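Participant: protein27.cif is the file, holding mmCIF, C-alpha atoms (C1' of nucleotides):
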data_upload
loop_
_atom_site.group_PDB
_atom_site.id
_atom_site.type_symbol
_atom_site.label_atom_id
_atom_site.label_comp_id
_atom_site.auth_asym_id
_atom_site.auth_seq_id
_atom_site.Cartn_x
_atom_site.Cartn_y
_atom_site.Cartn_z
ATOM 1 C CA MET A 177 73.678 -98.320 29.997
ATOM 2 C CA PRO A 178 75.139 -99.164 33.343
ATOM 3 C CA GLU A 179 72.503 -99.143 36.046
ATOM 4 C CA LEU A 180 73.091 -100.046 39.667
ATOM 5 C CA PRO A 181 73.201 -103.827 39.047
ATOM 6 C CA GLU A 182 75.817 -103.339 36.347
ATOM 7 C CA VAL A 183 77.906 -101.148 38.632
ATOM 8 C CA GLU A 184 77.613 -103.605 41.510
ATOM 9 C CA THR A 185 78.478 -106.496 39.186
ATOM 10 C CA THR A 186 81.543 -104.583 38.052
ATOM 11 C CA ARG A 187 82.490 -103.891 41.668
ATOM 12 C CA ARG A 188 82.218 -107.547 42.675
ATOM 13 C CA GLU A 189 84.263 -108.729 39.727
ATOM 14 C CA LEU A 190 87.011 -106.169 40.235
ATOM 15 C CA GLU A 191 87.268 -106.172 44.022
ATOM 16 C CA PRO A 192 89.336 -109.355 44.467
ATOM 17 C CA ARG A 193 91.663 -108.335 41.634
ATOM 18 C CA LEU A 194 92.241 -104.768 42.791
ATOM 19 C CA VAL A 195 92.252 -104.712 46.569
ATOM 20 C CA GLY A 196 95.761 -105.061 47.936
ATOM 21 C CA ARG A 197 97.385 -104.261 44.596
ATOM 22 C CA ARG A 198 99.650 -101.281 44.104
ATOM 23 C CA VAL A 199 98.989 -98.837 41.280
ATOM 24 C CA ASP A 200 102.332 -98.197 39.601
ATOM 25 C CA ARG A 201 101.243 -95.688 37.007
ATOM 26 C CA VAL A 202 98.082 -93.955 35.824
ATOM 27 C CA LEU A 203 97.879 -93.213 32.108
ATOM 28 C CA VAL A 204 95.288 -90.600 31.164
ATOM 29 C CA ARG A 205 94.899 -90.538 27.402
ATOM 30 C CA ASN A 206 91.924 -88.210 27.456
ATOM 31 C CA PRO A 207 90.945 -86.346 30.634
ATOM 32 C CA ARG A 208 87.792 -84.841 29.144
ATOM 33 C CA LEU A 209 85.027 -86.808 30.793
ATOM 34 C CA ARG A 210 81.941 -85.101 32.199
ATOM 35 C CA TRP A 211 84.339 -83.157 34.375
ATOM 36 C CA PRO A 212 88.078 -83.107 33.594
ATOM 37 C CA ILE A 213 90.041 -85.805 35.381
ATOM 38 C CA PRO A 214 92.032 -83.839 37.990
ATOM 39 C CA PRO A 215 95.837 -84.152 37.947
ATOM 40 C CA GLU A 216 95.867 -85.004 41.660
ATOM 41 C CA LEU A 217 93.992 -88.217 40.901
ATOM 42 C CA VAL A 218 97.141 -89.454 39.179
ATOM 43 C CA SER A 219 99.556 -88.321 41.882
ATOM 44 C CA ARG A 220 97.398 -89.696 44.714
ATOM 45 C CA LEU A 221 96.945 -93.100 43.065
ATOM 46 C CA GLU A 222 100.473 -93.756 41.867
ATOM 47 C CA GLY A 223 102.640 -95.747 44.241
ATOM 48 C CA ARG A 224 99.820 -96.631 46.636
ATOM 49 C CA ARG A 225 97.885 -99.828 47.209
ATOM 50 C CA ILE A 226 94.132 -99.977 46.693
ATOM 51 C CA LEU A 227 92.613 -100.807 50.060
ATOM 52 C CA ARG A 228 88.916 -100.988 49.255
ATOM 53 C CA LEU A 229 86.509 -100.984 46.332
ATOM 54 C CA GLY A 230 83.096 -99.734 47.419
ATOM 55 C CA ARG A 231 79.972 -98.376 45.841
ATOM 56 C CA ARG A 232 77.543 -95.571 46.612
ATOM 57 C CA ALA A 233 74.583 -95.230 44.235
ATOM 58 C CA LYS A 234 76.230 -95.776 40.845
ATOM 59 C CA TYR A 235 79.597 -94.433 41.926
ATOM 60 C CA LEU A 236 82.462 -96.866 42.395
ATOM 61 C CA LEU A 237 84.774 -95.817 45.221
ATOM 62 C CA ALA A 238 88.379 -97.002 45.026
ATOM 63 C CA SER A 239 90.180 -96.026 48.209
ATOM 64 C CA ASN A 240 93.826 -95.970 49.192
ATOM 65 C CA ALA A 241 95.703 -94.428 52.116
ATOM 66 C CA ALA A 242 95.450 -90.952 50.564
ATOM 67 C CA GLY A 243 91.755 -90.832 49.687
ATOM 68 C CA THR A 244 89.217 -92.175 47.216
ATOM 69 C CA ALA A 245 88.747 -92.204 43.465
ATOM 70 C CA LEU A 246 85.096 -91.653 42.464
ATOM 71 C CA ILE A 247 84.263 -93.439 39.237
ATOM 72 C CA HIS A 248 80.943 -93.155 37.415
ATOM 73 C CA LEU A 249 80.305 -95.079 34.202
ATOM 74 C CA GLY A 250 77.821 -92.577 32.830
ATOM 75 C CA MET A 251 75.764 -94.334 30.218
ATOM 76 C CA SER A 252 78.440 -95.978 28.097
ATOM 77 C CA GLY A 253 81.352 -96.516 30.459
ATOM 78 C CA SER A 254 83.014 -99.787 31.356
ATOM 79 C CA LEU A 255 85.930 -100.987 33.454
ATOM 80 C CA ARG A 256 87.950 -104.033 32.477
ATOM 81 C CA LEU A 257 91.172 -105.651 33.496
ATOM 82 C CA VAL A 258 93.471 -106.078 30.543
ATOM 83 C CA ALA A 259 96.997 -107.312 30.126
ATOM 84 C CA MET A 260 99.357 -104.373 30.230
ATOM 85 C CA GLY A 261 100.430 -103.589 26.705
ATOM 86 C CA GLU A 262 97.127 -104.555 25.132
ATOM 87 C CA GLU A 263 96.417 -101.977 22.485
ATOM 88 C CA ALA A 264 93.984 -99.276 23.519
ATOM 89 C CA GLY A 265 90.953 -98.354 21.445
ATOM 90 C CA PRO A 266 89.826 -94.830 20.663
ATOM 91 C CA HIS A 267 87.565 -94.615 23.729
ATOM 92 C CA ASP A 268 89.945 -96.166 26.237
ATOM 93 C CA HIS A 269 90.566 -92.964 28.149
ATOM 94 C CA VAL A 270 92.384 -94.152 31.282
ATOM 95 C CA ASP A 271 94.553 -97.092 32.380
ATOM 96 C CA TRP A 272 95.645 -97.821 35.930
ATOM 97 C CA HIS A 273 98.767 -99.944 35.630
ATOM 98 C CA LEU A 274 98.903 -102.480 38.445
ATOM 99 C CA GLU A 275 101.948 -104.118 39.937
ATOM 100 C CA ASP A 276 100.861 -107.541 38.688
ATOM 101 C CA GLY A 277 101.165 -106.660 34.996
ATOM 102 C CA GLN A 278 97.480 -105.972 34.489
ATOM 103 C CA ALA A 279 95.797 -102.672 33.841
ATOM 104 C CA LEU A 280 92.387 -101.413 34.867
ATOM 105 C CA ARG A 281 91.048 -99.884 31.685
ATOM 106 C CA TYR A 282 88.310 -97.247 31.637
ATOM 107 C CA ARG A 283 86.401 -97.006 28.364
ATOM 108 C CA ASP A 284 83.589 -94.548 27.738
ATOM 109 C CA PRO A 285 82.580 -93.673 24.162
ATOM 110 C CA ARG A 286 80.130 -90.940 25.172
ATOM 111 C CA ARG A 287 82.211 -89.554 28.010
ATOM 112 C CA PHE A 288 79.259 -88.954 30.306
ATOM 113 C CA GLY A 289 81.242 -90.708 32.994
ATOM 114 C CA THR A 290 83.336 -89.387 35.837
ATOM 115 C CA MET A 291 86.735 -90.022 37.409
ATOM 116 C CA LEU A 292 87.382 -87.667 40.308
ATOM 117 C CA TRP A 293 89.499 -87.605 43.432
ATOM 118 C CA CYS A 294 88.223 -87.103 46.980
ATOM 119 C CA ASP A 295 90.714 -86.425 49.780
ATOM 120 C CA GLY A 296 88.413 -86.680 52.774
ATOM 121 C CA PRO A 297 85.397 -88.747 53.785
ATOM 122 C CA THR A 298 83.355 -89.577 50.703
ATOM 123 C CA ASP A 299 80.025 -89.012 52.424
ATOM 124 C CA ARG A 300 80.838 -85.305 52.517
ATOM 125 C CA HIS A 301 81.641 -85.097 48.818
ATOM 126 C CA PRO A 302 79.160 -82.817 46.978
ATOM 127 C CA LEU A 303 78.229 -85.563 44.517
ATOM 128 C CA LEU A 304 77.418 -88.024 47.315
ATOM 129 C CA SER A 305 76.384 -85.971 50.331
ATOM 130 C CA ARG A 306 72.735 -85.543 49.393
ATOM 131 C CA LEU A 307 72.052 -89.048 48.174
ATOM 132 C CA GLY A 308 69.196 -90.966 49.751
ATOM 133 C CA PRO A 309 69.416 -94.456 51.270
ATOM 134 C CA GLU A 310 70.888 -97.380 49.375
ATOM 135 C CA PRO A 311 68.086 -99.648 48.159
ATOM 136 C CA PHE A 312 69.429 -102.561 50.233
ATOM 137 C CA SER A 313 69.849 -100.574 53.419
ATOM 138 C CA ASP A 314 67.501 -100.792 56.384
ATOM 139 C CA SER A 315 66.492 -97.164 55.970
ATOM 140 C CA PHE A 316 64.950 -97.785 52.564
ATOM 141 C CA HIS A 317 61.381 -99.009 52.994
ATOM 142 C CA GLY A 318 57.785 -98.201 52.125
ATOM 143 C CA ASN A 319 57.313 -95.832 55.048
ATOM 144 C CA TRP A 320 60.292 -93.746 53.940
ATOM 145 C CA LEU A 321 58.839 -93.449 50.440
ATOM 146 C CA TYR A 322 55.414 -92.641 51.804
ATOM 147 C CA GLU A 323 56.517 -89.954 54.252
ATOM 148 C CA ARG A 324 58.878 -88.349 51.764
ATOM 149 C CA SER A 325 56.288 -88.225 49.005
ATOM 150 C CA ARG A 326 53.531 -86.380 50.885
ATOM 151 C CA GLY A 327 52.568 -83.202 49.096
ATOM 152 C CA ARG A 328 54.600 -84.063 46.003
ATOM 153 C CA ARG A 329 52.838 -83.516 42.727
ATOM 154 C CA ALA A 330 55.606 -84.839 40.463
ATOM 155 C CA ALA A 331 55.154 -88.244 38.834
ATOM 156 C CA VAL A 332 55.960 -91.166 41.123
ATOM 157 C CA LYS A 333 58.462 -92.369 38.521
ATOM 158 C CA SER A 334 60.404 -89.093 38.683
ATOM 159 C CA PHE A 335 60.221 -89.265 42.473
ATOM 160 C CA LEU A 336 61.634 -92.789 42.434
ATOM 161 C CA MET A 337 64.459 -91.807 40.084
ATOM 162 C CA ASP A 338 65.491 -88.867 42.273
ATOM 163 C CA GLY A 339 68.727 -89.899 43.962
ATOM 164 C CA ARG A 340 67.642 -88.154 47.151
ATOM 165 C CA THR A 341 64.704 -90.562 47.408
ATOM 166 C CA VAL A 342 66.738 -93.719 46.889
ATOM 167 C CA ALA A 343 70.249 -94.077 45.507
ATOM 168 C CA GLY A 344 70.912 -95.635 42.140
ATOM 169 C CA VAL A 345 67.473 -96.447 40.698
ATOM 170 C CA GLY A 346 67.671 -95.480 37.037
ATOM 171 C CA ASN A 347 65.184 -95.449 34.217
ATOM 172 C CA ILE A 348 65.096 -99.139 33.366
ATOM 173 C CA TYR A 349 64.513 -100.339 36.908
ATOM 174 C CA ALA A 350 62.085 -97.538 37.734
ATOM 175 C CA ASN A 351 59.917 -98.748 34.861
ATOM 176 C CA GLU A 352 60.219 -102.361 35.963
ATOM 177 C CA ALA A 353 59.595 -101.709 39.652
ATOM 178 C CA LEU A 354 56.452 -99.672 38.994
ATOM 179 C CA PHE A 355 55.103 -102.468 36.820
ATOM 180 C CA HIS A 356 55.800 -105.057 39.503
ATOM 181 C CA ALA A 357 54.105 -102.851 42.094
ATOM 182 C CA GLY A 358 51.104 -102.110 39.849
ATOM 183 C CA ILE A 359 51.571 -98.333 40.093
ATOM 184 C CA HIS A 360 51.010 -96.021 37.124
ATOM 185 C CA PRO A 361 54.274 -94.127 36.498
ATOM 186 C CA ALA A 362 52.538 -90.782 35.917
ATOM 187 C CA ARG A 363 50.574 -90.881 39.172
ATOM 188 C CA PRO A 364 51.520 -87.975 41.444
ATOM 189 C CA ALA A 365 53.919 -89.262 44.084
ATOM 190 C CA GLY A 366 51.824 -87.741 46.853
ATOM 191 C CA ARG A 367 48.784 -89.728 45.771
ATOM 192 C CA VAL A 368 50.258 -93.189 46.206
ATOM 193 C CA ALA A 369 49.040 -94.994 49.325
ATOM 194 C CA ARG A 370 51.353 -96.313 52.036
ATOM 195 C CA ALA A 371 50.661 -99.975 51.260
ATOM 196 C CA ARG A 372 51.537 -99.430 47.606
ATOM 197 C CA TYR A 373 54.828 -97.772 48.559
ATOM 198 C CA HIS A 374 55.579 -100.825 50.642
ATOM 199 C CA ARG A 375 55.072 -102.967 47.538
ATOM 200 C CA LEU A 376 57.202 -100.578 45.512
ATOM 201 C CA ALA A 377 60.132 -100.723 47.930
ATOM 202 C CA CYS A 378 59.970 -104.519 47.889
ATOM 203 C CA ALA A 379 59.814 -104.541 44.100
ATOM 204 C CA VAL A 380 62.867 -102.287 43.816
ATOM 205 C CA ARG A 381 64.900 -104.558 46.076
ATOM 206 C CA ARG A 382 63.703 -107.746 44.407
ATOM 207 C CA ILE A 383 64.403 -106.568 40.874
ATOM 208 C CA LEU A 384 67.824 -105.201 41.714
ATOM 209 C CA THR A 385 68.700 -108.420 43.543
ATOM 210 C CA HIS A 386 67.714 -110.582 40.582
ATOM 211 C CA SER A 387 69.498 -108.361 38.106
ATOM 212 C CA ILE A 388 72.719 -108.378 40.125
ATOM 213 C CA GLY A 389 72.437 -112.167 40.261
ATOM 214 C CA SER A 390 72.206 -112.224 36.484
ATOM 215 C CA GLY A 391 75.268 -110.060 35.996
ATOM 216 C CA GLY A 392 73.401 -106.932 34.967
ATOM 217 C CA THR A 393 71.062 -106.019 32.164
ATOM 218 C CA SER A 394 73.430 -105.709 29.214
ATOM 219 C CA LEU A 395 71.253 -103.349 27.245
ATOM 220 C CA ARG A 396 73.049 -101.570 24.431
ATOM 221 C CA ASP A 397 76.538 -100.599 25.609
ATOM 222 C CA TYR A 398 77.113 -102.478 28.828
ATOM 223 C CA VAL A 399 79.526 -105.397 29.059
ATOM 224 C CA ARG A 400 80.984 -107.027 32.132
ATOM 225 C CA THR A 401 84.599 -106.733 33.126
ATOM 226 C CA ASP A 402 85.333 -109.959 31.271
ATOM 227 C CA GLY A 403 83.603 -108.635 28.150
ATOM 228 C CA GLU A 404 80.604 -110.965 28.533
ATOM 229 C CA PRO A 405 77.091 -109.493 28.379
ATOM 230 C CA GLY A 406 74.728 -109.552 31.366
ATOM 231 C CA ARG A 407 71.739 -111.847 31.359
ATOM 232 C CA TYR A 408 68.956 -109.811 32.943
ATOM 233 C CA GLN A 409 67.790 -108.239 29.684
ATOM 234 C CA GLY A 410 65.475 -111.148 28.918
ATOM 235 C CA ARG A 411 63.732 -110.570 32.235
ATOM 236 C CA LEU A 412 62.691 -107.008 31.581
ATOM 237 C CA LEU A 413 58.902 -106.958 31.489
ATOM 238 C CA VAL A 414 58.112 -103.452 30.240
ATOM 239 C CA TYR A 415 61.248 -101.483 29.418
ATOM 240 C CA ASP A 416 61.732 -101.013 25.657
ATOM 241 C CA ARG A 417 58.545 -103.020 25.012
ATOM 242 C CA ALA A 418 55.973 -100.293 24.221
ATOM 243 C CA GLY A 419 53.275 -101.701 21.939
ATOM 244 C CA GLU A 420 54.010 -105.287 22.900
ATOM 245 C CA ALA A 421 51.700 -107.422 25.001
ATOM 246 C CA CYS A 422 51.767 -107.193 28.788
ATOM 247 C CA VAL A 423 53.165 -110.469 30.129
ATOM 248 C CA ARG A 424 50.447 -110.529 32.769
ATOM 249 C CA CYS A 425 47.224 -109.446 30.982
ATOM 250 C CA ARG A 426 48.246 -109.288 27.305
ATOM 251 C CA ALA A 427 47.097 -105.677 26.914
ATOM 252 C CA ALA A 428 49.258 -103.507 24.667
ATOM 253 C CA LEU A 429 51.923 -101.741 26.727
ATOM 254 C CA ARG A 430 51.842 -97.959 26.513
ATOM 255 C CA GLY A 431 54.864 -95.715 26.123
ATOM 256 C CA ARG A 432 55.498 -92.017 26.470
ATOM 257 C CA THR A 433 57.998 -89.591 27.903
ATOM 258 C CA ILE A 434 57.679 -88.744 31.579
ATOM 259 C CA GLY A 435 60.197 -86.344 33.066
ATOM 260 C CA GLN A 436 62.386 -86.474 29.940
ATOM 261 C CA ARG A 437 62.679 -90.247 30.245
ATOM 262 C CA SER A 438 61.160 -92.968 28.089
ATOM 263 C CA THR A 439 58.465 -94.677 30.096
ATOM 264 C CA VAL A 440 56.495 -97.864 29.486
ATOM 265 C CA TRP A 441 53.564 -99.245 31.463
ATOM 266 C CA CYS A 442 50.552 -101.522 31.243
ATOM 267 C CA PRO A 443 47.324 -99.479 31.106
ATOM 268 C CA LEU A 444 45.390 -102.267 32.837
ATOM 269 C CA CYS A 445 47.827 -103.556 35.457
ATOM 270 C CA GLN A 446 49.124 -100.167 36.603
ATOM 271 C CA ARG A 447 46.885 -97.576 38.253
ATOM 272 C "C1'" DC B 97 61.418 -75.583 48.946
ATOM 273 C "C1'" DT B 98 59.706 -78.288 44.379
ATOM 274 C "C1'" DT B 99 59.524 -78.941 39.559
ATOM 275 C "C1'" DT B 100 61.089 -78.626 34.875
ATOM 276 C "C1'" DA B 101 64.312 -78.111 31.078
ATOM 277 C "C1'" DC B 102 68.841 -78.326 29.332
ATOM 278 C "C1'" DG B 103 73.328 -80.010 27.890
ATOM 279 C "C1'" DC B 104 77.133 -82.899 27.683
ATOM 280 C "C1'" DC B 105 78.499 -86.818 23.662
ATOM 281 C "C1'" DT B 106 78.482 -90.667 20.420
ATOM 282 C "C1'" DG B 107 76.546 -94.671 18.132
ATOM 283 C "C1'" DA B 108 72.508 -96.466 16.147
ATOM 284 C "C1'" DC B 109 68.954 -95.946 13.118
ATOM 285 C "C1'" DG B 110 65.816 -94.285 9.463
ATOM 286 C "C1'" DG B 111 65.040 -91.642 5.327
ATOM 287 C "C1'" DC B 112 66.546 -90.344 0.979
ATOM 288 C "C1'" DT C 96 76.337 -97.109 -0.738
ATOM 289 C "C1'" DG C 97 76.654 -92.979 1.832
ATOM 290 C "C1'" DC C 98 75.248 -88.821 3.971
ATOM 291 C "C1'" DC C 99 72.558 -86.481 7.335
ATOM 292 C "C1'" DG C 100 69.142 -85.556 10.876
ATOM 293 C "C1'" DT C 101 67.240 -87.372 15.098
ATOM 294 C "C1'" DC C 102 67.358 -89.427 19.434
ATOM 295 C "C1'" DA C 103 68.521 -91.856 23.762
ATOM 296 C "C1'" DG C 104 70.397 -91.610 28.170
ATOM 297 C "C1'" DG C 105 72.610 -90.297 33.787
ATOM 298 C "C1'" DC C 106 72.424 -86.729 36.275
ATOM 299 C "C1'" DG C 107 74.264 -82.250 37.701
ATOM 300 C "C1'" DT C 108 72.902 -77.645 37.099
ATOM 301 C "C1'" DA C 109 70.251 -73.584 36.009
ATOM 302 C "C1'" DA C 110 65.994 -71.628 35.732
ATOM 303 C "C1'" DA C 111 61.220 -71.155 36.783
#
Take the structure from the file and write it as structure tokens.

Facilitator:
Amino acid sequence: MPELPEVETTRRELEPRLVGRRVDRVLVRNPRLRWPIPPELVSRLEGRRILRLGRRAKYLLASNAAGTALIHLGMSGSLRLVAMGEEAGPHDHVDWHLEDGQALRYRDPRRFGTMLWCDGPTDRHPLLSRLGPEPFSDSFHGNWLYERSRGRRAAVKSFLMDGRTVAGVGNIYANEALFHAGIHPARPAGRVARARYHRLACAVRRILTHSIGSGGTSLRDYVRTDGEPGRYQGRLLVYDRAGEACVRCRAALRGRTIGQRSTVWCPLCQR
DNA sequence: CTTTACGCCTGACGGC
DNA sequence: TGCCGTCAGGCGTAAA
């Protein structure tokens, strides 16, 4: 499932191949993603050059002179560059035909993903306007987490996964970051001390940095734009390891659902 | 305001 | 072997 490192890896791989290129034609085989792909996405993209490929949370933002395409990979989506004419599979829902004979191919078996068009500034788009700070921005730090969490009774893991708290931290990395910071995922967010939030913010940044450097996690569906798997999976310390031994203290890792999400933690290392 | 549950969808997996 | 039920998972939305 594409998390932020996978999306950022995709962005970095695609950027040099897309920016400056003209989109000649957009072929929508199946518009039924999470929301229908709007017809104006096609008309706004065709005939214009892509000027920028950005990212906000897990949304990829492909801009041209007319506006911006918002692309979300959901939990099974991928973007690849293919040679134009390469046969499309059953889940290859959209191709952007580029002037250089390649096509940007969007595949998403479960169709939880998104491809929308935004005419104006993207920071005013309803899907983006209420997002919290990017994890690598200066405004994301322990004090922000601490101040924002006061009075909150929800689990710190749910708090961390709320996009208004910090953008783009999904289930896998929430589990990992809480382990690194030694914080029990079910602890009420308002009962985590300032110093521990400082550790948590550092852990989030460190883990995301390492995962991006490894090309993403490559759990289950995710593959890179070249079809190769990411390499961070072997570095996951708790996710998907319930019942196994904690790498630090060898205690059996615990697992249960918190906030409708599978959660794993070490009962000794995390308090 | 906060918190919780739901639903979209398919592939993987386990039981028979 | 094959069929079927169950479940995960991002995240917006509705409901409490």

Participant: Starting from the PyMOL selection byres ((chain A) within 9 of (chain B)), expand the selection into actual residues of this file and give them as a PyMOL selection string.

Facilitator: chain A and resi 210+285-288+328-330+435-436

Participant: Which protein, DNA or RNA residues have an atom at most 12 Å from (66.4, -108.4, 43.0), counting all atoms listed in the file? List them as a PDB file with C-alpha atoms, in the coordinates of the input.

Facilitator:
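Saved the output as result.pdb:
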ATOM      1  CA  LEU A 180      73.091-100.046  39.667  1.00  0.00           C
ATOM      2  CA  PRO A 181      73.201-103.827  39.047  1.00  0.00           C
ATOM      3  CA  PRO A 311      68.086 -99.648  48.159  1.00  0.00           C
ATOM      4  CA  PHE A 312      69.429-102.561  50.233  1.00  0.00           C
ATOM      5  CA  TYR A 349      64.513-100.339  36.908  1.00  0.00           C
ATOM      6  CA  GLU A 352      60.219-102.361  35.963  1.00  0.00           C
ATOM      7  CA  ALA A 353      59.595-101.709  39.652  1.00  0.00           C
ATOM      8  CA  HIS A 356      55.800-105.057  39.503  1.00  0.00           C
ATOM      9  CA  ALA A 377      60.132-100.723  47.930  1.00  0.00           C
ATOM     10  CA  CYS A 378      59.970-104.519  47.889  1.00  0.00           C
ATOM     11  CA  ALA A 379      59.814-104.541  44.100  1.00  0.00           C
ATOM     12  CA  VAL A 380      62.867-102.287  43.816  1.00  0.00           C
ATOM     13  CA  ARG A 381      64.900-104.558  46.076  1.00  0.00           C
ATOM     14  CA  ARG A 382      63.703-107.746  44.407  1.00  0.00           C
ATOM     15  CA  ILE A 383      64.403-106.568  40.874  1.00  0.00           C
ATOM     16  CA  LEU A 384      67.824-105.201  41.714  1.00  0.00           C
ATOM     17  CA  THR A 385      68.700-108.420  43.543  1.00  0.00           C
ATOM     18  CA  HIS A 386      67.714-110.582  40.582  1.00  0.00           C
ATOM     19  CA  SER A 387      69.498-108.361  38.106  1.00  0.00           C
ATOM     20  CA  ILE A 388      72.719-108.378  40.125  1.00  0.00           C
ATOM     21  CA  GLY A 389      72.437-112.167  40.261  1.00  0.00           C
ATOM     22  CA  SER A 390      72.206-112.224  36.484  1.00  0.00           C
ATOM     23  CA  GLY A 391      75.268-110.060  35.996  1.00  0.00           C
ATOM     24  CA  GLY A 392      73.401-106.932  34.967  1.00  0.00           C
ATOM     25  CA  TYR A 408      68.956-109.811  32.943  1.00  0.00           C
ATOM     26  CA  ARG A 411      63.732-110.570  32.235  1.00  0.00           C
TER      27      ARG A 411
END

Participant: Show me which bits of chain C are within 12 Å of chain A, counting only C-alpha atoms (C1' of nucleotides), as a ChimeraX atom specification.

Facilitator: /C:102-107

Participant: Could you tell me how far atom CA of A:Pro309 sits from atom CA of A:Asn240, in Å to one decimal place?

Facilitator: 24.5 Å

Participant: Decode the PyMOL selection byres ((chain A and resi 416) around 9) for the given file into explicit residues and return them as a ChimeraX atom specification.

Facilitator: /A:348,412-415,417-418,431,438-440

Participant: In Å, with one decimal, what is the gap from atom CA of A:Ile434 to atom CA of A:His374?

Facilitator: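 Computing the Euclidean distance for atom CA of A:Ile434 and atom CA of A:His374 yields 22.7 Å.
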
Participant: What gap, in Å, lies between atom CA of A:Ser219 and atom CA of A:Val202?

Facilitator: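 So the answer is 8.4 Å.
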
Participant: Taking the file as I've supplied it (selection: the PyMOL selection byres ((chain A and resi 425) around 10)), which residues are included? Please answer as an MDAnalysis selection string.

Facilitator: chainID A and resid 421:424 426:429 442:445
